[in-house]
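So the structure is just underneath, and the comments pick up after that.
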Amino acid sequence: MTITITAFESSPDGGKGLARDTRVRWALEEVGQPYEVRLVSFRAMKEPAHLALHPFGQIPTYEEGDLALFETGSIVLHIAEHHAGLLPHDANARARAITWMFAAVNTVEPPILELVTARILEADKPWSKERLPLVVGRIRDRLLQLSARLGDSEWLDGAFSAGDLMMVSVLLRLKASGILNEFQNLAAYLARGEARPAYKRAFDAQRELYAGKAPPG
Ligand SMILES: N[C@@H](CCC(=O)N[C@@H](CS)C(=O)NCC(=O)O)C(=O)O
């Protein structure tokens, strides 16, 4: 059955891997599943046809036969449960890998997204300068905890899993900020994720899509 995902018709980051279709592409590349991409404009994302697939009018979505999914955590879990390579066979190890997926989107990603809000959407607010250090502080707290747990390990819990795929995807948003460089093991963890051939294929596919197209001004 053909797998179709949606992605931005015009990417705000110009294809630098931050749009969340990257993590879905990466998961599909890890398990060797071909997929098609349907591009949607910002206007189309808020129209009924797309809202029927994604109630919040966002990308990515995932369609496979009768199944339509939204939310990258759920999409990646679906891929990992149906194809070998992203979840361990042992039941407890599998449950722990899924726990890391939730930790990535539910515990680590929220403060990181706050930084985007603080730096871009709230930059013109009179209190912005005072708030920014608080936001960065909350990210540091989380990274300190994550760094302590990762220690010298290659991945979060044994072999690379969907938990690492989601965590690396979430941390990627911090790359430009330089905060990750304060945590050597996390910077190295991120680099290991980016070095995976499947990640590179996903990244390249997304970058090629927007090559030469200027992001909206
Ligand atoms: N929690 C959602 C977040 C999806 C999301 O924020 N998508 C962004 C692109 S990376 C989007 O569509 N933004 C446009 C909008 O919200 O209007 C997920 O993980 O799938």
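In the structure tokens, chains take the letters A, B, ... in the order shown, each chain's residues start at 1, and ligands count up from 1 in the order shown.
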Surrounding residues of A:Ser41 excluding itself and chain neighbours under 5 positions, 8 Å, only C-alpha atoms, as a PyMOL selection string: chain A and resi 8-10
Spatial neighbours of A:Ile98, 9 Å, only C-alpha atoms, chain gap at least 3 places, as an MDAnalysis selection string: chainID A and resid 77 87 93:95 101:103 161:163
6 Å contact set for stretch 206-208 of chain A, only C-alpha atoms, chain neighbours under 3 positions out, as a ChimeraX atom specification: /A:15,203,211
Near stretch 139-144 of chain A, counting only C-alpha atoms, which residues have an atom at most 12 Å away, once you skip same-chain residues fewer than 6 positions from it, shown as a PDB file with all heavy atoms, in the first residue's frame?
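What landed in part.pdb:
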ATOM      1  N   ALA A 103       8.704  10.966  26.115  1.00  0.00           N
ATOM      2  CA  ALA A 103       9.548  11.937  26.824  1.00  0.00           C
ATOM      3  C   ALA A 103      10.036  13.018  25.853  1.00  0.00           C
ATOM      4  O   ALA A 103      10.094  14.206  26.198  1.00  0.00           O
ATOM      5  CB  ALA A 103      10.742  11.229  27.466  1.00  0.00           C
ATOM      6  N   ALA A 104      10.360  12.589  24.637  1.00  0.00           N
ATOM      7  CA  ALA A 104      10.851  13.555  23.646  1.00  0.00           C
ATOM      8  C   ALA A 104       9.789  14.610  23.344  1.00  0.00           C
ATOM      9  O   ALA A 104      10.056  15.814  23.426  1.00  0.00           O
ATOM     10  CB  ALA A 104      11.266  12.819  22.361  1.00  0.00           C
ATOM     11  N   ASN A 106       6.819  15.136  24.884  1.00  0.00           N
ATOM     12  CA  ASN A 106       5.988  15.629  25.991  1.00  0.00           C
ATOM     13  C   ASN A 106       6.779  16.359  27.068  1.00  0.00           C
ATOM     14  O   ASN A 106       6.235  17.192  27.781  1.00  0.00           O
ATOM     15  CB  ASN A 106       5.252  14.435  26.620  1.00  0.00           C
ATOM     16  CG  ASN A 106       3.910  14.809  27.172  1.00  0.00           C
ATOM     17  OD1 ASN A 106       3.298  15.767  26.716  1.00  0.00           O
ATOM     18  ND2 ASN A 106       3.460  14.057  28.153  1.00  0.00           N
ATOM     19  N   THR A 107       8.058  16.022  27.204  1.00  0.00           N
ATOM     20  CA  THR A 107       8.853  16.614  28.286  1.00  0.00           C
ATOM     21  C   THR A 107       9.997  17.491  27.764  1.00  0.00           C
ATOM     22  O   THR A 107      10.270  18.549  28.314  1.00  0.00           O
ATOM     23  CB  THR A 107       9.420  15.491  29.188  1.00  0.00           C
ATOM     24  OG1 THR A 107       8.318  14.746  29.718  1.00  0.00           O
ATOM     25  CG2 THR A 107      10.247  16.035  30.342  1.00  0.00           C
ATOM     26  N   VAL A 108      10.654  17.040  26.701  1.00  0.00           N
ATOM     27  CA  VAL A 108      11.817  17.798  26.216  1.00  0.00           C
ATOM     28  C   VAL A 108      11.427  18.837  25.156  1.00  0.00           C
ATOM     29  O   VAL A 108      11.943  19.956  25.151  1.00  0.00           O
ATOM     30  CB  VAL A 108      12.912  16.832  25.680  1.00  0.00           C
ATOM     31  CG1 VAL A 108      14.119  17.596  25.152  1.00  0.00           C
ATOM     32  CG2 VAL A 108      13.348  15.865  26.795  1.00  0.00           C
ATOM     33  N   GLU A 109      10.483  18.478  24.285  1.00  0.00           N
ATOM     34  CA  GLU A 109      10.144  19.406  23.197  1.00  0.00           C
ATOM     35  C   GLU A 109       9.440  20.690  23.673  1.00  0.00           C
ATOM     36  O   GLU A 109       9.749  21.780  23.163  1.00  0.00           O
ATOM     37  CB  GLU A 109       9.296  18.704  22.123  1.00  0.00           C
ATOM     38  CG  GLU A 109       9.142  19.548  20.860  1.00  0.00           C
ATOM     39  CD  GLU A 109       8.530  18.768  19.695  1.00  0.00           C
ATOM     40  OE1 GLU A 109       7.553  18.031  19.917  1.00  0.00           O
ATOM     41  OE2 GLU A 109       9.036  18.908  18.568  1.00  0.00           O
ATOM     42  N   PRO A 110       8.512  20.621  24.658  1.00  0.00           N
ATOM     43  CA  PRO A 110       7.791  21.855  25.016  1.00  0.00           C
ATOM     44  C   PRO A 110       8.686  23.045  25.385  1.00  0.00           C
ATOM     45  O   PRO A 110       8.497  24.137  24.836  1.00  0.00           O
ATOM     46  CB  PRO A 110       6.870  21.408  26.167  1.00  0.00           C
ATOM     47  CG  PRO A 110       6.619  19.961  25.869  1.00  0.00           C
ATOM     48  CD  PRO A 110       7.933  19.438  25.333  1.00  0.00           C
ATOM     49  N   PRO A 111       9.677  22.896  26.290  1.00  0.00           N
ATOM     50  CA  PRO A 111      10.496  24.091  26.577  1.00  0.00           C
ATOM     51  C   PRO A 111      11.307  24.558  25.362  1.00  0.00           C
ATOM     52  O   PRO A 111      11.560  25.759  25.214  1.00  0.00           O
ATOM     53  CB  PRO A 111      11.423  23.636  27.723  1.00  0.00           C
ATOM     54  CG  PRO A 111      11.364  22.160  27.745  1.00  0.00           C
ATOM     55  CD  PRO A 111      10.050  21.762  27.162  1.00  0.00           C
ATOM     56  N   ILE A 112      11.656  23.617  24.483  1.00  0.00           N
ATOM     57  CA  ILE A 112      12.419  24.003  23.289  1.00  0.00           C
ATOM     58  C   ILE A 112      11.536  24.842  22.352  1.00  0.00           C
ATOM     59  O   ILE A 112      11.970  25.839  21.779  1.00  0.00           O
ATOM     60  CB  ILE A 112      12.974  22.746  22.572  1.00  0.00           C
ATOM     61  CG1 ILE A 112      14.028  22.076  23.474  1.00  0.00           C
ATOM     62  CG2 ILE A 112      13.557  23.099  21.208  1.00  0.00           C
ATOM     63  CD1 ILE A 112      14.580  20.759  22.947  1.00  0.00           C
ATOM     64  N   LEU A 113      10.276  24.471  22.261  1.00  0.00           N
ATOM     65  CA  LEU A 113       9.357  25.235  21.411  1.00  0.00           C
ATOM     66  C   LEU A 113       9.105  26.625  21.991  1.00  0.00           C
ATOM     67  O   LEU A 113       8.880  27.587  21.266  1.00  0.00           O
ATOM     68  CB  LEU A 113       8.036  24.482  21.238  1.00  0.00           C
ATOM     69  CG  LEU A 113       8.138  23.171  20.448  1.00  0.00           C
ATOM     70  CD1 LEU A 113       6.774  22.512  20.357  1.00  0.00           C
ATOM     71  CD2 LEU A 113       8.723  23.408  19.056  1.00  0.00           C
ATOM     72  N   GLU A 114       9.162  26.708  23.323  1.00  0.00           N
ATOM     73  CA  GLU A 114       8.993  28.014  23.968  1.00  0.00           C
ATOM     74  C   GLU A 114      10.076  28.993  23.520  1.00  0.00           C
ATOM     75  O   GLU A 114       9.863  30.196  23.421  1.00  0.00           O
ATOM     76  CB  GLU A 114       9.046  27.869  25.492  1.00  0.00           C
ATOM     77  CG  GLU A 114       7.725  27.492  26.113  1.00  0.00           C
ATOM     78  CD  GLU A 114       6.627  28.491  25.788  1.00  0.00           C
ATOM     79  OE1 GLU A 114       6.766  29.666  26.142  1.00  0.00           O
ATOM     80  OE2 GLU A 114       5.644  28.092  25.146  1.00  0.00           O
ATOM     81  N   LEU A 115      11.265  28.450  23.267  1.00  0.00           N
ATOM     82  CA  LEU A 115      12.373  29.309  22.828  1.00  0.00           C
ATOM     83  C   LEU A 115      12.047  29.928  21.463  1.00  0.00           C
ATOM     84  O   LEU A 115      12.313  31.108  21.222  1.00  0.00           O
ATOM     85  CB  LEU A 115      13.668  28.490  22.756  1.00  0.00           C
ATOM     86  CG  LEU A 115      14.937  29.268  22.400  1.00  0.00           C
ATOM     87  CD1 LEU A 115      15.234  30.329  23.458  1.00  0.00           C
ATOM     88  CD2 LEU A 115      16.133  28.332  22.261  1.00  0.00           C
ATOM     89  N   VAL A 116      11.465  29.118  20.587  1.00  0.00           N
ATOM     90  CA  VAL A 116      11.072  29.628  19.266  1.00  0.00           C
ATOM     91  C   VAL A 116      10.026  30.736  19.453  1.00  0.00           C
ATOM     92  O   VAL A 116      10.115  31.809  18.852  1.00  0.00           O
ATOM     93  CB  VAL A 116      10.495  28.483  18.392  1.00  0.00           C
ATOM     94  CG1 VAL A 116      10.099  29.000  17.021  1.00  0.00           C
ATOM     95  CG2 VAL A 116      11.496  27.339  18.281  1.00  0.00           C
ATOM     96  N   LEU A 132      13.316  35.731  28.146  1.00  0.00           N
ATOM     97  CA  LEU A 132      14.203  34.823  27.415  1.00  0.00           C
ATOM     98  C   LEU A 132      15.132  33.990  28.325  1.00  0.00           C
ATOM     99  O   LEU A 132      15.224  32.776  28.168  1.00  0.00           O
ATOM    100  CB  LEU A 132      14.996  35.616  26.370  1.00  0.00           C
ATOM    101  CG  LEU A 132      15.558  34.820  25.208  1.00  0.00           C
ATOM    102  CD1 LEU A 132      14.480  34.026  24.484  1.00  0.00           C
ATOM    103  CD2 LEU A 132      16.270  35.749  24.243  1.00  0.00           C
ATOM    104  N   PRO A 133      15.804  34.625  29.302  1.00  0.00           N
ATOM    105  CA  PRO A 133      16.674  33.810  30.176  1.00  0.00           C
ATOM    106  C   PRO A 133      15.906  32.738  30.952  1.00  0.00           C
ATOM    107  O   PRO A 133      16.446  31.668  31.235  1.00  0.00           O
ATOM    108  CB  PRO A 133      17.274  34.836  31.142  1.00  0.00           C
ATOM    109  CG  PRO A 133      17.037  36.163  30.536  1.00  0.00           C
ATOM    110  CD  PRO A 133      15.852  36.052  29.638  1.00  0.00           C
ATOM    111  N   LEU A 150      21.817   9.987  29.742  1.00  0.00           N
ATOM    112  CA  LEU A 150      22.525   9.417  28.586  1.00  0.00           C
ATOM    113  C   LEU A 150      23.939   8.992  28.982  1.00  0.00           C
ATOM    114  O   LEU A 150      24.405   7.926  28.576  1.00  0.00           O
ATOM    115  CB  LEU A 150      22.578  10.439  27.433  1.00  0.00           C
ATOM    116  CG  LEU A 150      23.295   9.970  26.165  1.00  0.00           C
ATOM    117  CD1 LEU A 150      22.515   8.835  25.484  1.00  0.00           C
ATOM    118  CD2 LEU A 150      23.485  11.137  25.191  1.00  0.00           C
ATOM    119  N   GLY A 151      24.602   9.818  29.781  1.00  0.00           N
ATOM    120  CA  GLY A 151      25.969   9.500  30.206  1.00  0.00           C
ATOM    121  C   GLY A 151      26.865   9.258  29.004  1.00  0.00           C
ATOM    122  O   GLY A 151      26.846  10.022  28.035  1.00  0.00           O
ATOM    123  N   MET A 167      13.904  11.782  20.008  1.00  0.00           N
ATOM    124  CA  MET A 167      14.683  12.690  20.862  1.00  0.00           C
ATOM    125  C   MET A 167      15.669  13.509  20.027  1.00  0.00           C
ATOM    126  O   MET A 167      15.787  14.733  20.209  1.00  0.00           O
ATOM    127  CB  MET A 167      15.431  11.897  21.935  1.00  0.00           C
ATOM    128  CG  MET A 167      16.031  12.751  23.027  1.00  0.00           C
ATOM    129  SD  MET A 167      14.780  13.680  23.970  1.00  0.00           S
ATOM    130  CE  MET A 167      14.215  12.422  25.111  1.00  0.00           C
ATOM    131  N   VAL A 170      13.866  16.222  18.183  1.00  0.00           N
ATOM    132  CA  VAL A 170      13.487  17.335  19.056  1.00  0.00           C
ATOM    133  C   VAL A 170      14.711  18.226  19.361  1.00  0.00           C
ATOM    134  O   VAL A 170      14.629  19.458  19.340  1.00  0.00           O
ATOM    135  CB  VAL A 170      12.865  16.749  20.346  1.00  0.00           C
ATOM    136  CG1 VAL A 170      12.891  17.725  21.479  1.00  0.00           C
ATOM    137  CG2 VAL A 170      11.436  16.265  20.071  1.00  0.00           C
ATOM    138  N   LEU A 171      15.853  17.584  19.617  1.00  0.00           N
ATOM    139  CA  LEU A 171      17.064  18.349  19.961  1.00  0.00           C
ATOM    140  C   LEU A 171      17.602  19.140  18.773  1.00  0.00           C
ATOM    141  O   LEU A 171      18.255  20.181  18.950  1.00  0.00           O
ATOM    142  CB  LEU A 171      18.157  17.400  20.480  1.00  0.00           C
ATOM    143  CG  LEU A 171      17.868  16.694  21.812  1.00  0.00           C
ATOM    144  CD1 LEU A 171      19.031  15.769  22.176  1.00  0.00           C
ATOM    145  CD2 LEU A 171      17.627  17.696  22.942  1.00  0.00           C
ATOM    146  N   ARG A 173      16.264  21.102  16.896  1.00  0.00           N
ATOM    147  CA  ARG A 173      15.768  22.479  16.871  1.00  0.00           C
ATOM    148  C   ARG A 173      16.676  23.421  17.686  1.00  0.00           C
ATOM    149  O   ARG A 173      16.612  24.632  17.542  1.00  0.00           O
ATOM    150  CB  ARG A 173      14.334  22.511  17.417  1.00  0.00           C
ATOM    151  CG  ARG A 173      13.523  23.692  16.977  1.00  0.00           C
ATOM    152  CD  ARG A 173      12.082  23.531  17.364  1.00  0.00           C
ATOM    153  NE  ARG A 173      11.380  22.552  16.564  1.00  0.00           N
ATOM    154  CZ  ARG A 173      10.896  22.792  15.342  1.00  0.00           C
ATOM    155  NH1 ARG A 173      11.024  23.962  14.797  1.00  0.00           N
ATOM    156  NH2 ARG A 173      10.281  21.833  14.674  1.00  0.00           N
ATOM    157  N   LEU A 174      17.521  22.836  18.550  1.00  0.00           N
ATOM    158  CA  LEU A 174      18.396  23.659  19.385  1.00  0.00           C
ATOM    159  C   LEU A 174      19.756  23.911  18.756  1.00  0.00           C
ATOM    160  O   LEU A 174      20.570  24.664  19.299  1.00  0.00           O
ATOM    161  CB  LEU A 174      18.638  22.951  20.726  1.00  0.00           C
ATOM    162  CG  LEU A 174      17.528  23.016  21.765  1.00  0.00           C
ATOM    163  CD1 LEU A 174      17.954  22.249  22.992  1.00  0.00           C
ATOM    164  CD2 LEU A 174      17.204  24.467  22.121  1.00  0.00           C
ATOM    165  N   SER A 177      21.085  27.368  18.326  1.00  0.00           N
ATOM    166  CA  SER A 177      21.164  28.186  19.543  1.00  0.00           C
ATOM    167  C   SER A 177      22.510  28.059  20.258  1.00  0.00           C
ATOM    168  O   SER A 177      22.884  28.922  21.042  1.00  0.00           O
ATOM    169  CB  SER A 177      20.057  27.773  20.521  1.00  0.00           C
ATOM    170  OG  SER A 177      20.390  26.541  21.129  1.00  0.00           O
ATOM    171  N   GLY A 178      23.215  26.960  20.022  1.00  0.00           N
ATOM    172  CA  GLY A 178      24.498  26.749  20.697  1.00  0.00           C
ATOM    173  C   GLY A 178      24.359  26.155  22.096  1.00  0.00           C
ATOM    174  O   GLY A 178      25.346  25.753  22.700  1.00  0.00           O
ATOM    175  N   ILE A 179      23.131  26.072  22.621  1.00  0.00           N
ATOM    176  CA  ILE A 179      22.935  25.564  23.998  1.00  0.00           C
ATOM    177  C   ILE A 179      23.447  24.129  24.141  1.00  0.00           C
ATOM    178  O   ILE A 179      23.998  23.742  25.165  1.00  0.00           O
ATOM    179  CB  ILE A 179      21.441  25.636  24.410  1.00  0.00           C
ATOM    180  CG1 ILE A 179      20.947  27.071  24.352  1.00  0.00           C
ATOM    181  CG2 ILE A 179      21.210  25.056  25.799  1.00  0.00           C
ATOM    182  CD1 ILE A 179      19.447  27.234  24.600  1.00  0.00           C
ATOM    183  N   LEU A 180      23.271  23.365  23.075  1.00  0.00           N
ATOM    184  CA  LEU A 180      23.664  21.950  23.151  1.00  0.00           C
ATOM    185  C   LEU A 180      25.163  21.778  23.362  1.00  0.00           C
ATOM    186  O   LEU A 180      25.600  20.764  23.908  1.00  0.00           O
ATOM    187  CB  LEU A 180      23.251  21.231  21.868  1.00  0.00           C
ATOM    188  CG  LEU A 180      21.842  20.659  21.844  1.00  0.00           C
ATOM    189  CD1 LEU A 180      21.559  20.070  20.487  1.00  0.00           C
ATOM    190  CD2 LEU A 180      21.667  19.598  22.925  1.00  0.00           C
ATOM    191  N   ASN A 181      25.935  22.766  22.922  1.00  0.00           N
ATOM    192  CA  ASN A 181      27.390  22.645  23.074  1.00  0.00           C
ATOM    193  C   ASN A 181      27.825  22.660  24.534  1.00  0.00           C
ATOM    194  O   ASN A 181      28.949  22.288  24.858  1.00  0.00           O
ATOM    195  CB  ASN A 181      28.096  23.761  22.300  1.00  0.00           C
ATOM    196  CG  ASN A 181      27.819  23.636  20.818  1.00  0.00           C
ATOM    197  OD1 ASN A 181      27.560  22.530  20.326  1.00  0.00           O
ATOM    198  ND2 ASN A 181      27.823  24.754  20.116  1.00  0.00           N
ATOM    199  N   GLU A 182      26.915  23.089  25.411  1.00  0.00           N
ATOM    200  CA  GLU A 182      27.228  23.037  26.849  1.00  0.00           C
ATOM    201  C   GLU A 182      27.169  21.600  27.366  1.00  0.00           C
ATOM    202  O   GLU A 182      27.583  21.320  28.477  1.00  0.00           O
ATOM    203  CB  GLU A 182      26.219  23.887  27.633  1.00  0.00           C
ATOM    204  CG  GLU A 182      26.256  25.357  27.272  1.00  0.00           C
ATOM    205  CD  GLU A 182      25.084  26.115  27.885  1.00  0.00           C
ATOM    206  OE1 GLU A 182      24.563  25.695  28.942  1.00  0.00           O
ATOM    207  OE2 GLU A 182      24.684  27.132  27.293  1.00  0.00           O
ATOM    208  N   PHE A 183      26.598  20.715  26.551  1.00  0.00           N
ATOM    209  CA  PHE A 183      26.435  19.313  26.963  1.00  0.00           C
ATOM    210  C   PHE A 183      27.082  18.429  25.895  1.00  0.00           C
ATOM    211  O   PHE A 183      26.447  18.042  24.911  1.00  0.00           O
ATOM    212  CB  PHE A 183      24.931  18.984  27.102  1.00  0.00           C
ATOM    213  CG  PHE A 183      24.213  19.893  28.050  1.00  0.00           C
ATOM    214  CD1 PHE A 183      23.650  21.087  27.601  1.00  0.00           C
ATOM    215  CD2 PHE A 183      24.129  19.584  29.392  1.00  0.00           C
ATOM    216  CE1 PHE A 183      23.003  21.943  28.479  1.00  0.00           C
ATOM    217  CE2 PHE A 183      23.487  20.437  30.278  1.00  0.00           C
ATOM    218  CZ  PHE A 183      22.923  21.623  29.816  1.00  0.00           C
ATOM    219  N   GLN A 184      28.360  18.160  26.129  1.00  0.00           N
ATOM    220  CA  GLN A 184      29.157  17.440  25.115  1.00  0.00           C
ATOM    221  C   GLN A 184      28.526  16.125  24.680  1.00  0.00           C
ATOM    222  O   GLN A 184      28.508  15.789  23.501  1.00  0.00           O
ATOM    223  CB  GLN A 184      30.562  17.156  25.675  1.00  0.00           C
ATOM    224  CG  GLN A 184      31.416  18.396  25.821  1.00  0.00           C
ATOM    225  CD  GLN A 184      31.819  18.981  24.481  1.00  0.00           C
ATOM    226  OE1 GLN A 184      32.362  18.275  23.657  1.00  0.00           O
ATOM    227  NE2 GLN A 184      31.541  20.251  24.250  1.00  0.00           N
ATOM    228  N   ASN A 185      28.006  15.373  25.656  1.00  0.00           N
ATOM    229  CA  ASN A 185      27.448  14.059  25.287  1.00  0.00           C
ATOM    230  C   ASN A 185      26.170  14.210  24.460  1.00  0.00           C
ATOM    231  O   ASN A 185      25.903  13.409  23.562  1.00  0.00           O
ATOM    232  CB  ASN A 185      27.243  13.157  26.511  1.00  0.00           C
ATOM    233  CG  ASN A 185      26.207  13.681  27.489  1.00  0.00           C
ATOM    234  OD1 ASN A 185      25.877  14.867  27.473  1.00  0.00           O
ATOM    235  ND2 ASN A 185      25.699  12.801  28.335  1.00  0.00           N
ATOM    236  N   LEU A 186      25.403  15.273  24.714  1.00  0.00           N
ATOM    237  CA  LEU A 186      24.187  15.470  23.917  1.00  0.00           C
ATOM    238  C   LEU A 186      24.531  15.954  22.513  1.00  0.00           C
ATOM    239  O   LEU A 186      23.886  15.548  21.530  1.00  0.00           O
ATOM    240  CB  LEU A 186      23.250  16.473  24.605  1.00  0.00           C
ATOM    241  CG  LEU A 186      22.618  16.017  25.915  1.00  0.00           C
ATOM    242  CD1 LEU A 186      21.654  17.086  26.431  1.00  0.00           C
ATOM    243  CD2 LEU A 186      21.884  14.685  25.766  1.00  0.00           C
ATOM    244  N   ALA A 187      25.554  16.801  22.412  1.00  0.00           N
ATOM    245  CA  ALA A 187      25.987  17.268  21.083  1.00  0.00           C
ATOM    246  C   ALA A 187      26.470  16.064  20.259  1.00  0.00           C
ATOM    247  O   ALA A 187      26.159  15.941  19.065  1.00  0.00           O
ATOM    248  CB  ALA A 187      27.083  18.311  21.227  1.00  0.00           C
TER     249      ALA A 187
END
Any residue with an atom at most 7 Å from ligand 1 counts, using only C-alpha atoms and all ligand atoms. Which are they? Put them as a compact mmCIF listing (two decimals) with N, CA and C atoms, in the first residue's frame.
# COMPACT_ATOMS: atom_id res chain seq x y z
N LEU A 18 13.95 21.15 9.91
CA LEU A 18 13.19 21.42 11.13
C LEU A 18 11.70 21.14 10.99
N ALA A 19 11.18 21.18 9.78
CA ALA A 19 9.76 20.85 9.60
C ALA A 19 9.58 19.38 9.99
N ARG A 20 8.47 19.10 10.65
CA ARG A 20 8.34 17.79 11.29
C ARG A 20 8.10 16.62 10.34
N ASP A 21 7.93 16.89 9.05
CA ASP A 21 7.89 15.73 8.15
C ASP A 21 9.24 15.02 8.14
N PHE A 42 0.09 26.88 3.09
CA PHE A 42 -0.42 27.30 4.41
C PHE A 42 -1.93 27.50 4.37
N GLY A 57 -4.89 21.44 11.49
CA GLY A 57 -4.45 22.14 10.28
C GLY A 57 -2.95 22.25 10.16
N GLN A 58 -2.25 21.15 10.45
CA GLN A 58 -0.79 21.18 10.40
C GLN A 58 -0.26 20.05 9.51
N ILE A 59 1.04 20.07 9.33
CA ILE A 59 1.73 18.94 8.70
C ILE A 59 2.66 18.35 9.75
N PRO A 60 3.09 17.10 9.66
CA PRO A 60 2.75 16.18 8.58
C PRO A 60 1.50 15.36 8.91
N PHE A 70 -2.28 11.76 12.19
CA PHE A 70 -1.55 13.01 12.39
C PHE A 70 -0.80 12.85 13.71
N GLU A 71 0.03 13.81 14.07
CA GLU A 71 0.92 13.78 15.25
C GLU A 71 2.12 12.88 14.96
N THR A 72 3.29 13.49 14.92
CA THR A 72 4.49 12.73 14.55
C THR A 72 4.80 11.58 15.51
N GLY A 73 4.51 11.78 16.81
CA GLY A 73 4.77 10.69 17.75
C GLY A 73 3.96 9.46 17.38
Nearest candidate to A:Glu30 (options A:Val76, A:Ala97, A:Leu172, A:Ala123; using only C-alpha atoms):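 Of the candidates, the smallest distance to A:Glu30 is held by A:Val76.
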Shell of 10 Å around A:Ala202, only C-alpha atoms, local chain residues under 6 positions omitted, as a PyMOL selection string: chain A and resi 17+21-30
